[in-house]
Amino acid sequence: MIIDSIKNAALYKGTGARIQMALEYLAKTDFEPLAPGRYDIDGGNVYALVQHYRTKPRETGLWEAHRRYIDVQYVAAGIESMGYAPIGNLTVTQPYSSEKDCELFSGAGDFVTVRAGTFAIFFPGDGHMPCLAAAAPAPVRKVVVKVAV
């Protein structure tokens with residue numbers, strides 16, 4: 001897992017061309033006028049999912065992990081809490097679905113507050129619990145860029 005301000009995106013050039021492409025897209029795009037939905041950056045290799053939602057209480061969250069895609073989660077507006085735990089420390093509750101590229105887990109982990117202008121990168125093996133309320137449920141505009149491994 002990596003967490004940082006989008007202002008520092010250039011520091012992560014060594015993480016690979018596709019992650020660099022994702023971070024450059026996030027740094028240069030105005031998400032205010034974009035409707036929720038999918039936006040292709042490099043076809044199925046790199047694409048963005050623009051989301052608008054209300055954060056939810058931590059006790060309703062689910063641990064998830066992916067195998068085919070890295071998640072670059074960017075909070076464009078609002079604030080949320082995100083959980084992180086190595087999947088080796090979690091218990092599988094829903095086996096991996098190749099169709100959804102998702103496996104669900106239960107267990108404990110650590111949580112960080114992610115404010116507008118901040119991104120978090122979750123690699124395969126990184127269990128994560130996104131969309132959580134930092135204090136109380138509130139609206140968030142987030143962009144999840146899916147980066148093929």
# chains A, B, ... in the order shown; residues from 1 in each chain; ligands from 1
>>> residues_around(residues="A:Gly117", least_positions_apart="5", cutoff="10 Å", atoms="only C-alpha atoms", output="list in words")
Asp4, Ser5, Ile6, Lys7, Leu26, Ala27, Tyr74, Val75, Ala76, Ala77, Gly78, Ile79 and Lys142 of chain A
>>> write_last_selection(atoms="C-alpha atoms", output="PDB file, in the first residue's frame")
ATOM      1  CA  ASP A   4       0.323  10.219  -0.557  1.00  0.00           C
ATOM      2  CA  SER A   5      -0.816  13.568  -1.915  1.00  0.00           C
ATOM      3  CA  ILE A   6      -1.435  13.761  -5.648  1.00  0.00           C
ATOM      4  CA  LYS A   7       1.027  16.704  -5.602  1.00  0.00           C
ATOM      5  CA  LEU A  26      -5.477  11.840 -11.657  1.00  0.00           C
ATOM      6  CA  ALA A  27      -3.195  14.858 -11.335  1.00  0.00           C
ATOM      7  CA  TYR A  74      -8.100   8.997  -5.322  1.00  0.00           C
ATOM      8  CA  VAL A  75     -10.400  11.136  -3.204  1.00  0.00           C
ATOM      9  CA  ALA A  76     -11.290  14.081  -5.455  1.00  0.00           C
ATOM     10  CA  ALA A  77     -13.734  15.696  -3.000  1.00  0.00           C
ATOM     11  CA  GLY A  78     -14.674  14.908   0.573  1.00  0.00           C
ATOM     12  CA  ILE A  79     -12.986  12.708   3.137  1.00  0.00           C
ATOM     13  CA  LYS A 142     -13.693   9.340  -5.672  1.00  0.00           C
TER      14      LYS A 142
END
>>> select_by_dssp(residues="chain A", states="strand (DSSP E)", output="PyMOL selection string")
chain A and resi 2-5+37-42+46-54+63-65+69-77+79-86+91-97+102-106+110-115+118-122+126-132+139-148
>>> residues_around(residues="A:Ser81", least_positions_apart="2", cutoff="10 Å", atoms="only C-alpha atoms", output="list in words")
Thr55, Lys56, Pro57, Arg58, Ile79, Gly83, Phe111, Val112, Thr113, Val114, Arg115, Met129, Pro130, Cys131, Leu132, Ala133, Ala134 and Ala135 of chain A
>>> select_by_dssp(residues="stretch 11-59 of chain A", states="alpha helix (DSSP H)", output="PDB file with C-alpha atoms, in the first residue's frame")
ATOM      1  CA  ALA A  17       4.486   2.888 -16.593  1.00  0.00           C
ATOM      2  CA  ARG A  18       0.834   2.027 -15.969  1.00  0.00           C
ATOM      3  CA  ILE A  19       0.799   3.360 -12.416  1.00  0.00           C
ATOM      4  CA  GLN A  20       2.561   6.491 -13.677  1.00  0.00           C
ATOM      5  CA  MET A  21      -0.151   6.826 -16.353  1.00  0.00           C
ATOM      6  CA  ALA A  22      -2.847   6.499 -13.669  1.00  0.00           C
ATOM      7  CA  LEU A  23      -1.250   9.098 -11.396  1.00  0.00           C
ATOM      8  CA  GLU A  24      -0.733  11.548 -14.267  1.00  0.00           C
ATOM      9  CA  TYR A  25      -4.388  11.158 -15.239  1.00  0.00           C
ATOM     10  CA  LEU A  26      -5.477  11.840 -11.657  1.00  0.00           C
ATOM     11  CA  ALA A  27      -3.195  14.858 -11.335  1.00  0.00           C
ATOM     12  CA  LYS A  28      -4.326  16.469 -14.618  1.00  0.00           C
TER      13      LYS A  28
END
>>> residues_around(residues="A:Gly127", least_positions_apart="6", cutoff="6 Å", atoms="only C-alpha atoms", output="list in words")
Trp63, Glu64, Ala65, Tyr84, Ala85, Pro86 and Ile87 of chain A
>>> closest_residue(among="A:Val143, A:Val149, A:Leu62, A:Ile70", to="A:Glu103", atoms="only C-alpha atoms")
A:Leu62
